[in-house]
file query.txt (compact mmCIF, C-alpha atoms and all ligand atoms)
# COMPACT_ATOMS: atom_id res chain seq x y z
CA MET A 49 195.61 76.34 96.16
CA LYS A 50 199.12 76.03 94.89
CA HIS A 51 200.21 74.63 98.24
CA ARG A 52 197.21 72.32 98.28
CA SER A 53 198.21 70.77 94.96
CA LEU A 54 201.77 70.47 96.20
CA ASN A 55 200.43 68.64 99.25
CA LEU A 56 198.47 66.26 97.08
CA ALA A 57 201.36 65.70 94.75
CA ILE A 58 203.71 64.91 97.63
CA ALA A 59 201.14 62.59 99.17
CA VAL A 60 201.05 60.67 95.88
CA LEU A 61 204.83 60.56 95.76
CA VAL A 62 204.99 59.17 99.30
CA ILE A 63 202.34 56.51 98.68
CA PHE A 64 203.99 55.34 95.47
CA GLY A 65 207.39 55.43 97.17
CA VAL A 66 206.11 53.02 99.82
CA LEU A 67 204.52 50.73 97.23
CA LEU A 68 207.57 50.78 94.99
CA SER A 69 210.02 50.09 97.80
CA ALA A 70 207.84 47.19 98.92
CA CYS A 71 207.76 45.45 95.55
CA ALA A 72 210.82 46.74 93.68
CA PRO A 73 213.59 47.96 95.97
CA ALA A 74 215.58 49.68 93.23
CA ALA A 75 212.72 51.69 91.77
CA THR A 76 212.63 55.37 92.58
CA GLN A 77 210.70 56.97 89.74
CA ALA A 78 207.82 58.99 91.07
CA PRO A 79 204.54 58.61 89.23
CA ALA A 80 202.64 61.45 87.65
CA ALA A 81 200.63 63.16 90.35
CA THR A 82 196.88 62.95 90.01
CA GLU A 83 194.72 62.63 93.09
CA ALA A 84 195.54 61.44 96.56
CA PRO A 85 194.12 61.53 100.05
CA ALA A 86 195.27 64.49 102.09
CA GLU A 87 196.55 62.39 104.96
CA VAL A 88 199.55 60.13 104.55
CA GLU A 89 200.87 57.92 107.31
CA ALA A 90 204.62 57.80 107.68
CA PRO A 91 205.69 54.17 107.09
CA ALA A 92 207.39 52.30 109.93
CA GLU A 93 210.09 50.68 107.78
CA SER A 94 213.34 52.59 107.47
CA GLU A 95 213.75 51.34 103.88
CA ALA A 96 210.69 53.34 102.87
CA PRO A 97 210.65 57.12 102.45
CA ALA A 98 210.16 57.48 106.20
CA GLU A 99 209.13 60.52 108.18
CA SER A 100 207.19 61.88 105.20
CA GLU A 101 203.93 63.44 106.18
CA ALA A 102 201.78 65.61 103.99
CA PRO A 103 202.54 69.23 104.87
CA ALA A 104 199.90 71.65 106.08
CA ALA A 105 198.93 74.42 103.69
CA GLY A 106 201.25 77.40 103.79
CA GLU A 107 204.28 75.49 105.02
CA MET A 108 207.54 75.20 103.22
CA THR A 109 208.43 71.65 102.20
CA PHE A 110 212.10 70.77 102.09
CA VAL A 111 213.44 67.36 101.05
CA LEU A 112 216.48 65.68 102.59
CA VAL A 113 217.92 63.35 99.93
CA PRO A 114 220.48 60.80 101.22
CA LYS A 115 222.84 58.78 99.02
CA ASN A 116 220.61 55.78 99.72
CA LEU A 117 217.95 54.59 102.12
CA GLY A 118 218.54 52.00 104.85
CA ASN A 119 221.80 53.59 106.06
CA PRO A 120 221.71 54.47 109.80
CA TYR A 121 224.06 57.41 109.14
CA PHE A 122 221.43 59.10 106.97
CA ASP A 123 218.60 58.01 109.27
CA THR A 124 220.38 59.96 112.02
CA ALA A 125 220.79 62.95 109.68
CA ASN A 126 217.04 62.79 109.09
CA LYS A 127 216.36 62.82 112.85
CA GLY A 128 218.27 66.08 113.09
CA ALA A 129 216.46 67.42 110.02
CA GLN A 130 213.08 66.61 111.60
CA GLU A 131 214.15 68.37 114.81
CA ALA A 132 214.98 71.48 112.77
CA ALA A 133 211.66 71.17 110.93
CA GLY A 134 209.78 71.20 114.26
CA GLU A 135 211.65 74.28 115.41
CA LEU A 136 211.19 76.17 112.15
CA GLY A 137 207.58 75.16 111.45
CA VAL A 138 208.44 73.66 108.06
CA THR A 139 207.94 70.16 106.63
CA VAL A 140 210.93 67.97 105.81
CA LEU A 141 210.47 64.87 103.67
CA TYR A 142 213.12 62.15 103.59
CA GLN A 143 213.34 60.65 100.11
CA GLY A 144 216.10 58.53 98.61
CA SER A 145 216.90 55.73 96.22
CA ALA A 146 217.44 52.13 97.32
CA THR A 147 221.06 52.06 96.17
CA ALA A 148 223.77 54.72 96.20
CA ASP A 149 223.50 55.29 92.47
CA ALA A 150 223.69 58.65 90.67
CA THR A 151 221.20 57.74 87.92
CA GLU A 152 218.58 56.66 90.44
CA GLN A 153 219.22 59.80 92.44
CA ILE A 154 218.78 62.02 89.37
CA THR A 155 215.44 60.35 88.57
CA LEU A 156 214.23 61.02 92.09
CA LEU A 157 215.44 64.63 92.02
CA ASN A 158 213.72 65.30 88.69
CA SER A 159 210.43 64.17 90.19
CA LEU A 160 210.94 66.39 93.24
CA ILE A 161 211.71 69.37 90.99
CA ALA A 162 208.48 68.69 89.09
CA GLN A 163 206.62 68.73 92.43
CA LYS A 164 208.03 72.22 93.08
CA VAL A 165 209.27 71.47 96.56
CA SER A 166 210.65 74.46 98.50
CA GLY A 167 214.27 73.30 98.79
CA LEU A 168 216.59 70.30 98.41
CA ALA A 169 219.44 69.13 100.68
CA ILE A 170 221.32 66.38 98.85
CA SER A 171 224.15 63.96 99.67
CA ALA A 172 225.46 63.37 96.15
CA ASN A 173 226.36 60.04 94.58
CA ASP A 174 228.40 61.77 91.86
CA SER A 175 229.86 65.24 91.93
CA ASP A 176 229.69 66.13 88.19
CA ALA A 177 226.77 63.99 86.99
CA LEU A 178 224.39 65.82 89.33
CA VAL A 179 225.36 69.35 88.25
CA PRO A 180 222.70 69.69 85.49
CA THR A 181 220.00 68.40 87.85
CA GLY A 182 221.00 70.76 90.64
CA LYS A 183 221.09 73.60 88.11
CA ALA A 184 217.62 72.68 86.81
CA ALA A 185 216.28 72.84 90.37
CA MET A 186 217.82 76.25 90.97
CA ASP A 187 216.56 77.50 87.59
CA ALA A 188 213.10 76.44 88.79
CA GLY A 189 213.57 78.61 91.88
CA ILE A 190 214.30 75.69 94.23
CA PRO A 191 217.31 76.32 96.48
CA VAL A 192 219.80 73.43 96.51
CA VAL A 193 222.39 72.74 99.17
CA THR A 194 224.48 69.61 99.44
CA PHE A 195 225.45 68.01 102.74
CA ASP A 196 227.90 65.17 103.45
CA SER A 197 228.85 64.58 99.78
CA ALA A 198 229.00 67.55 97.42
CA ILE A 199 227.69 68.29 93.95
CA ALA A 200 230.36 70.31 92.10
CA GLU A 201 230.05 74.09 91.96
CA GLY A 202 227.29 75.21 89.62
CA GLY A 203 224.97 72.45 90.80
CA ARG A 204 224.31 73.76 94.32
CA ILE A 205 224.31 77.05 96.19
CA PHE A 206 226.70 75.82 98.86
CA HIS A 207 227.94 72.58 100.42
CA ILE A 208 227.61 71.81 104.12
CA ASN A 209 230.83 70.07 104.99
CA GLN A 210 230.88 67.77 108.00
CA ALA A 211 234.55 68.56 108.77
CA GLU A 212 237.67 69.66 106.89
CA ALA A 213 238.47 66.95 104.32
CA SER A 214 242.18 67.10 105.17
CA GLY A 215 241.38 66.58 108.87
CA ILE A 216 239.11 63.62 108.06
CA ALA A 217 241.94 62.06 106.05
CA ALA A 218 244.61 62.80 108.65
CA VAL A 219 242.69 61.32 111.57
CA GLN A 220 242.08 58.07 109.68
CA ILE A 221 245.76 57.61 108.79
CA GLN A 222 246.75 58.51 112.34
CA MET A 223 244.34 55.88 113.76
CA ALA A 224 245.54 53.25 111.26
CA SER A 225 249.17 53.93 112.09
CA ASP A 226 248.46 53.62 115.84
CA LEU A 227 246.71 50.29 115.30
CA ALA A 228 249.44 48.94 112.99
CA GLY A 229 252.22 49.99 115.38
CA GLY A 230 253.54 52.30 112.67
CA GLU A 231 254.38 49.63 110.09
CA GLY A 232 252.86 47.04 107.78
CA GLN A 233 250.12 46.62 105.19
CA ILE A 234 246.91 48.62 105.22
CA ALA A 235 243.97 48.63 102.77
CA ILE A 236 241.04 50.95 102.14
CA LEU A 237 237.49 49.63 101.82
CA SER A 238 235.38 52.52 100.49
CA ALA A 239 231.77 53.21 99.49
CA THR A 240 231.04 53.56 95.73
CA SER A 241 233.82 54.36 93.27
CA THR A 242 232.06 57.63 92.31
CA ALA A 243 231.31 58.89 95.85
CA PRO A 244 232.58 62.50 95.91
CA ASN A 245 233.25 62.60 99.66
CA GLN A 246 235.07 59.25 99.96
CA ASN A 247 237.12 59.92 96.81
CA ALA A 248 238.28 63.28 98.15
CA TRP A 249 239.25 61.71 101.49
CA ILE A 250 241.09 58.82 99.80
CA GLU A 251 243.21 61.21 97.73
CA LEU A 252 244.09 63.14 100.87
CA MET A 253 244.85 59.92 102.79
CA LYS A 254 247.33 58.99 100.04
CA GLU A 255 248.98 62.42 100.43
CA GLU A 256 249.06 62.00 104.19
CA LEU A 257 250.84 58.64 103.77
CA GLN A 258 253.74 60.48 102.08
CA LYS A 259 254.71 62.01 105.43
CA PRO A 260 257.96 60.57 106.88
CA GLU A 261 256.21 59.25 110.00
CA TYR A 262 254.14 56.93 107.81
CA ALA A 263 257.02 55.67 105.62
CA ASN A 264 256.64 52.11 106.93
CA LEU A 265 252.92 51.84 106.18
CA GLU A 266 252.10 50.25 102.82
CA LEU A 267 248.69 50.91 101.24
CA VAL A 268 248.15 47.68 99.27
CA THR A 269 244.78 48.36 97.60
CA THR A 270 241.45 50.20 97.62
CA VAL A 271 238.24 48.22 97.18
CA TYR A 272 234.58 49.30 97.03
CA GLY A 273 231.60 47.91 98.98
CA ASP A 274 229.16 50.39 97.40
CA ASP A 275 227.68 51.27 100.80
CA GLN A 276 225.94 47.89 100.74
CA ASP A 277 226.43 45.71 103.79
CA GLU A 278 226.81 42.37 102.02
CA LYS A 279 229.15 43.60 99.29
CA SER A 280 231.29 45.42 101.88
CA TYR A 281 231.44 42.28 104.03
CA ASN A 282 232.52 40.14 101.08
CA GLU A 283 235.16 42.68 100.05
CA ALA A 284 236.56 42.67 103.61
CA VAL A 285 236.76 38.86 103.62
CA GLY A 286 238.47 39.06 100.21
CA LEU A 287 241.06 41.52 101.54
CA MET A 288 241.97 39.21 104.41
CA LYS A 289 242.35 36.25 102.06
CA THR A 290 244.34 38.14 99.40
CA TYR A 291 246.63 39.88 101.88
CA PRO A 292 247.46 37.46 104.73
CA ASP A 293 249.79 40.04 106.31
CA LEU A 294 247.20 42.81 106.27
CA LYS A 295 247.16 44.73 109.55
CA VAL A 296 244.50 47.41 109.12
CA ILE A 297 241.39 48.01 107.03
CA ILE A 298 240.43 51.69 106.81
CA ALA A 299 236.76 52.05 105.84
CA PRO A 300 235.82 55.73 105.36
CA THR A 301 232.14 54.75 105.27
CA THR A 302 229.76 53.83 108.07
CA VAL A 303 228.42 50.88 106.08
CA GLY A 304 231.88 49.56 105.17
CA ILE A 305 233.41 49.89 108.62
CA ALA A 306 230.63 47.96 110.40
CA ALA A 307 230.64 45.21 107.74
CA SER A 308 234.46 44.95 107.90
CA ALA A 309 234.49 44.67 111.69
CA ARG A 310 231.88 41.93 111.51
CA ALA A 311 233.94 40.09 108.88
CA VAL A 312 237.06 40.32 111.07
CA GLN A 313 235.14 38.78 113.98
CA ASP A 314 233.57 36.05 111.84
CA GLN A 315 236.98 35.13 110.40
CA ASP A 316 238.56 34.95 113.89
CA MET A 317 240.97 37.71 112.95
CA VAL A 318 240.44 39.97 115.97
CA GLY A 319 243.85 41.21 117.06
CA LYS A 320 245.44 40.34 113.70
CA VAL A 321 243.45 42.67 111.44
CA MET A 322 242.11 45.89 112.95
CA VAL A 323 239.37 47.98 111.43
CA THR A 324 239.17 51.76 111.60
CA GLY A 325 237.69 54.64 109.57
CA LEU A 326 234.35 56.41 109.91
CA GLY A 327 231.43 54.81 111.75
CA THR A 328 228.46 55.53 113.97
CA PRO A 329 228.92 54.76 117.70
CA ASN A 330 225.75 52.65 117.89
CA GLN A 331 226.85 50.41 115.01
CA MET A 332 230.44 50.13 116.20
CA ARG A 333 230.03 49.77 119.99
CA GLU A 334 230.28 45.96 120.03
CA TYR A 335 233.33 45.98 117.75
CA VAL A 336 235.15 48.52 119.92
CA LYS A 337 234.50 46.27 122.90
CA SER A 338 235.54 43.07 121.06
CA GLY A 339 238.74 44.68 119.79
CA ALA A 340 237.83 44.30 116.10
CA SER A 341 237.74 48.09 115.80
CA PRO A 342 239.46 49.73 118.78
CA GLN A 343 239.08 53.28 117.43
CA PHE A 344 237.27 55.13 114.68
CA ALA A 345 235.98 58.65 114.01
CA LEU A 346 232.88 60.56 112.94
CA TRP A 347 231.03 63.85 113.32
CA ASN A 348 227.40 63.98 114.42
CA PRO A 349 225.23 63.19 111.34
CA GLY A 350 222.18 64.48 113.26
CA ASP A 351 223.77 67.92 113.47
CA LEU A 352 224.56 67.77 109.75
CA GLY A 353 220.90 67.12 108.86
CA TYR A 354 219.75 69.78 111.35
CA LEU A 355 222.07 72.42 109.90
CA SER A 356 221.06 71.53 106.32
CA ILE A 357 217.44 72.42 107.07
CA TYR A 358 218.36 75.69 108.79
CA ALA A 359 220.45 76.52 105.70
CA LEU A 360 217.57 75.74 103.31
CA ASN A 361 215.21 77.79 105.45
CA ALA A 362 217.55 80.80 105.32
CA LEU A 363 217.80 80.47 101.53
CA ALA A 364 214.13 79.78 100.79
CA SER A 365 212.93 82.60 103.04
CA GLY A 366 215.29 85.03 101.31
CA ALA A 367 217.27 85.74 104.51
CA ILE A 368 220.47 84.97 102.58
CA GLU A 369 221.48 84.38 98.95
CA GLY A 370 224.17 81.90 99.96
CA LYS A 371 227.15 83.99 98.82
CA PRO A 372 230.52 83.77 100.60
CA GLY A 373 230.35 85.84 103.77
CA ASP A 374 226.58 85.37 104.22
CA LYS A 375 225.70 84.45 107.79
CA PHE A 376 222.70 82.42 108.88
CA ASP A 377 221.12 81.13 112.05
CA GLY A 378 221.92 77.47 112.73
CA GLY A 379 219.44 77.11 115.62
CA LYS A 380 220.97 75.28 118.61
CA LEU A 381 224.30 75.03 116.74
CA GLY A 382 224.76 78.82 116.57
CA GLU A 383 225.53 81.11 113.65
CA TYR A 384 227.25 79.86 110.50
CA THR A 385 229.04 81.68 107.67
CA VAL A 386 229.32 80.67 104.02
CA LEU A 387 233.07 80.40 103.42
CA ASP A 388 234.98 81.67 100.38
CA ASP A 389 235.14 78.19 98.84
CA GLY A 390 231.32 77.88 98.85
CA THR A 391 231.16 75.60 101.87
CA VAL A 392 229.80 75.81 105.40
CA LEU A 393 231.83 73.89 107.96
CA LEU A 394 230.02 71.92 110.68
CA GLY A 395 233.00 71.26 112.98
CA ASP A 396 235.66 68.71 113.91
CA PRO A 397 235.34 64.92 113.88
CA THR A 398 235.39 63.03 117.18
CA VAL A 399 237.51 59.91 117.77
CA PHE A 400 235.61 57.10 119.53
CA ASN A 401 237.26 54.33 121.55
CA ALA A 402 236.59 52.17 124.62
CA ASP A 403 236.92 55.20 126.90
CA ASN A 404 234.11 57.26 125.37
CA ILE A 405 231.97 55.01 123.15
CA ASP A 406 229.26 54.64 125.80
CA ASP A 407 228.83 58.41 126.02
CA PHE A 408 227.31 58.55 122.51
CA ASP A 409 223.97 57.37 121.22
CA PHE A 410 223.58 57.77 117.47
C1 LIG B 1 228.41 56.48 104.74
C2 LIG B 1 228.14 57.35 103.55
C3 LIG B 1 228.32 58.82 103.90
C4 LIG B 1 229.62 59.06 104.64
C5 LIG B 1 229.68 58.20 105.86
C6 LIG B 1 230.98 58.39 106.62
O1 LIG B 1 227.33 56.49 105.62
O2 LIG B 1 229.01 56.98 102.52
O3 LIG B 1 228.30 59.57 102.71
O4 LIG B 1 229.78 60.42 104.97
O5 LIG B 1 229.59 56.83 105.45
call {"tool": "encode", "arguments": {"input": "query.txt", "output": "structure tokens"}}
result
Amino acid sequence: MKHRSLNLAIAVLVIFGVLLSACAPAATQAPAATEAPAEVEAPAESEAPAESEAPAAGEMTFVLVPKNLGNPYFDTANKGAQEAAGELGVTVLYQGSATADATEQITLLNSLIAQKVSGLAISANDSDALVPTGKAAMDAGIPVVTFDSAIAEGGRIFHINQAEASGIAAVQIQMASDLAGGEGQIAILSATSTAPNQNAWIELMKEELQKPEYANLELVTTVYGDDQDEKSYNEAVGLMKTYPDLKVIIAPTTVGIAASARAVQDQDMVGKVMVTGLGTPNQMREYVKSGASPQFALWNPGDLGYLSIYALNALASGAIEGKPGDKFDGGKLGEYTVLDDGTVLLGDPTVFNADNIDDFDF
């Protein structure tokens, strides 16, 4: 019966999520659960809480919470999460706020905690602001892992890291230096100013720039597109106008890099300003081929979502507590170990360019 009421409550959440995203894109507050039909159709629109079906009785129900909806990076993570769900016989809901905002994300998480879901995998919009919420979930017996963008220690059991932060920073500076011919002005166009993952990478990129081989590169500014396409596009146009000698835009965000490459093309700046950073191959293919973004990097977000669900399953089933040294089954990805710093490392980023871009489809 407990599972039945959870099913009904989640069905209500899904229905209201669809209605709310249709009429008020920013709204994320879940309504109080009362009664709902047992069957819920997953909506077709990617802006809605997609892939959310009412779970069958007895199943565990995990929720993958992206920074925001409508971002192909997180849609790919959800595909991997759904693949893991099929293999494990659990239900995974995909629920997020319309914008990459910590307050909206906390509201959503509070409603999921109240629904007593079986586990949460979160990409955090703020590292510290989400600690009390993550703690409240764990106090309620709901395991919390973060993936992609971490909640600080105390607000999650462990963080699933896509790649070493220092490596992510180093590869971006290396690519920018290649494109700039080792000298000239570069700028960073990031996601939100509170994004824990981008902020960590930016700090490390600044450290990387201190190396003698990068002495002739000048980082002129960092701007924020908030992981919104239009804002990122306008910021990229602004960079080109403010800095006429700019050679490279580094966008460590899949939203920002695609918007910047489009802006470079629209402004007829291909060959003068080059875009690099972190992007998905499917979004960046045309810009690699046009020369607006000859090279960029990323890991596989599908694998990140997949591994997050295997991790939650290991925690929720009691197979592991999530302490350093604990090992768990990562399905097709193999066995993973919780490291001493409370992270699990997915692997290395891949660099994409004209030679390999057509080998990837995500
Ligand atoms: C965006 C998001 C995400 C980040 C990628 C690279 O999709 O900001 O958190 O990891 O870019």
call {"tool": "residues_near_ligand", "arguments": {"input": "query.txt", "ligand": "ligand LIG 1 (chain B)", "cutoff": "7 Å", "atoms": "all atoms listed in the file", "output": "list of chain:residue names"}}
result
A:Lys115, A:Asn119, A:Tyr121, A:Phe122, A:Ser171, A:Asp196, A:Ser197, A:Ala239, A:Asn245, A:Gln246, A:Asp275, A:Pro300, A:Thr301, A:Thr302, A:Val303, A:Leu326, A:Gly327, A:Leu346
call {"tool": "residues_around", "arguments": {"input": "query.txt", "residues": "range 180-191 of chain A", "least_positions_apart": "4", "cutoff": "8 Å", "atoms": "all atoms listed in the file", "output": "compact mmCIF listing (two decimals) with C-alpha atoms, in the frame of the given file"}}
result
# COMPACT_ATOMS: atom_id res chain seq x y z
CA ILE A 154 218.78 62.02 89.37
CA LEU A 157 215.44 64.63 92.02
CA ASN A 158 213.72 65.30 88.69
CA ILE A 161 211.71 69.37 90.99
CA LYS A 164 208.03 72.22 93.08
CA VAL A 165 209.27 71.47 96.56
CA SER A 166 210.65 74.46 98.50
CA GLY A 167 214.27 73.30 98.79
CA LEU A 168 216.59 70.30 98.41
CA ILE A 199 227.69 68.29 93.95
CA GLY A 202 227.29 75.21 89.62
CA GLY A 203 224.97 72.45 90.80
CA ARG A 204 224.31 73.76 94.32
CA ILE A 205 224.31 77.05 96.19
CA LEU A 360 217.57 75.74 103.31
CA LEU A 363 217.80 80.47 101.53
CA ALA A 364 214.13 79.78 100.79
call {"tool": "axis_aligned_box", "arguments": {"input": "query.txt", "around": "range 329-345 of chain A", "padding_each_side": "6 Å", "output": "lines of an AutoDock Vina configuration file"}}
result
center_x = 232.6
center_y = 50.9
center_z = 118.5
size_x = 25.7
size_y = 27.6
size_z = 20.9
call {"tool": "atom_distance", "arguments": {"input": "query.txt", "atom1": "CA of Glu256 in chain A", "atom2": "CA of Tyr335 in chain A"}}
result
26.2 Å
call {"tool": "atom_distance", "arguments": {"input": "query.txt", "atom1": "CA of Asp149 in chain A", "atom2": "CA of Thr242 in chain A"}}
result
8.9 Å
call {"tool": "atom_distance", "arguments": {"input": "query.txt", "atom1": "CA of Gly378 in chain A", "atom2": "CA of Lys127 in chain A"}}
result
15.7 Å
call {"tool": "residues_around", "arguments": {"input": "query.txt", "residues": "Gly304 in chain A", "least_positions_apart": "4", "cutoff": "12 Å", "atoms": "only C-alpha atoms", "output": "NGL selection string"}}
result
:A and (119 or 121 or 236-240 or 246 or 271-285 or 297-300 or 308-311 or 323-328 or 331-332)
call {"tool": "write_last_selection", "arguments": {"input": "query.txt", "atoms": "C-alpha atoms", "output": "tab-separated table (two decimals), keeping the file's coordinate frame"}}
result
chain	number	residue	atom	x	y	z
A	119	ASN	CA	221.80	53.59	106.06
A	121	TYR	CA	224.06	57.41	109.14
A	236	ILE	CA	241.04	50.95	102.14
A	237	LEU	CA	237.49	49.63	101.82
A	238	SER	CA	235.38	52.52	100.49
A	239	ALA	CA	231.77	53.21	99.49
A	240	THR	CA	231.04	53.56	95.73
A	246	GLN	CA	235.07	59.25	99.96
A	271	VAL	CA	238.24	48.22	97.18
A	272	TYR	CA	234.58	49.30	97.03
A	273	GLY	CA	231.60	47.91	98.98
A	274	ASP	CA	229.16	50.39	97.40
A	275	ASP	CA	227.68	51.27	100.80
A	276	GLN	CA	225.94	47.89	100.74
A	277	ASP	CA	226.43	45.71	103.79
A	278	GLU	CA	226.81	42.37	102.02
A	279	LYS	CA	229.15	43.60	99.29
A	280	SER	CA	231.29	45.42	101.88
A	281	TYR	CA	231.44	42.28	104.03
A	282	ASN	CA	232.52	40.14	101.08
A	283	GLU	CA	235.16	42.68	100.05
A	284	ALA	CA	236.56	42.67	103.61
A	285	VAL	CA	236.76	38.86	103.62
A	297	ILE	CA	241.39	48.01	107.03
A	298	ILE	CA	240.43	51.69	106.81
A	299	ALA	CA	236.76	52.05	105.84
A	300	PRO	CA	235.82	55.73	105.36
A	308	SER	CA	234.46	44.95	107.90
A	309	ALA	CA	234.49	44.67	111.69
A	310	ARG	CA	231.88	41.93	111.51
A	311	ALA	CA	233.94	40.09	108.88
A	323	VAL	CA	239.37	47.98	111.43
A	324	THR	CA	239.17	51.76	111.60
A	325	GLY	CA	237.69	54.64	109.57
A	326	LEU	CA	234.35	56.41	109.91
A	327	GLY	CA	231.43	54.81	111.75
A	328	THR	CA	228.46	55.53	113.97
A	331	GLN	CA	226.85	50.41	115.01
A	332	MET	CA	230.44	50.13	116.20
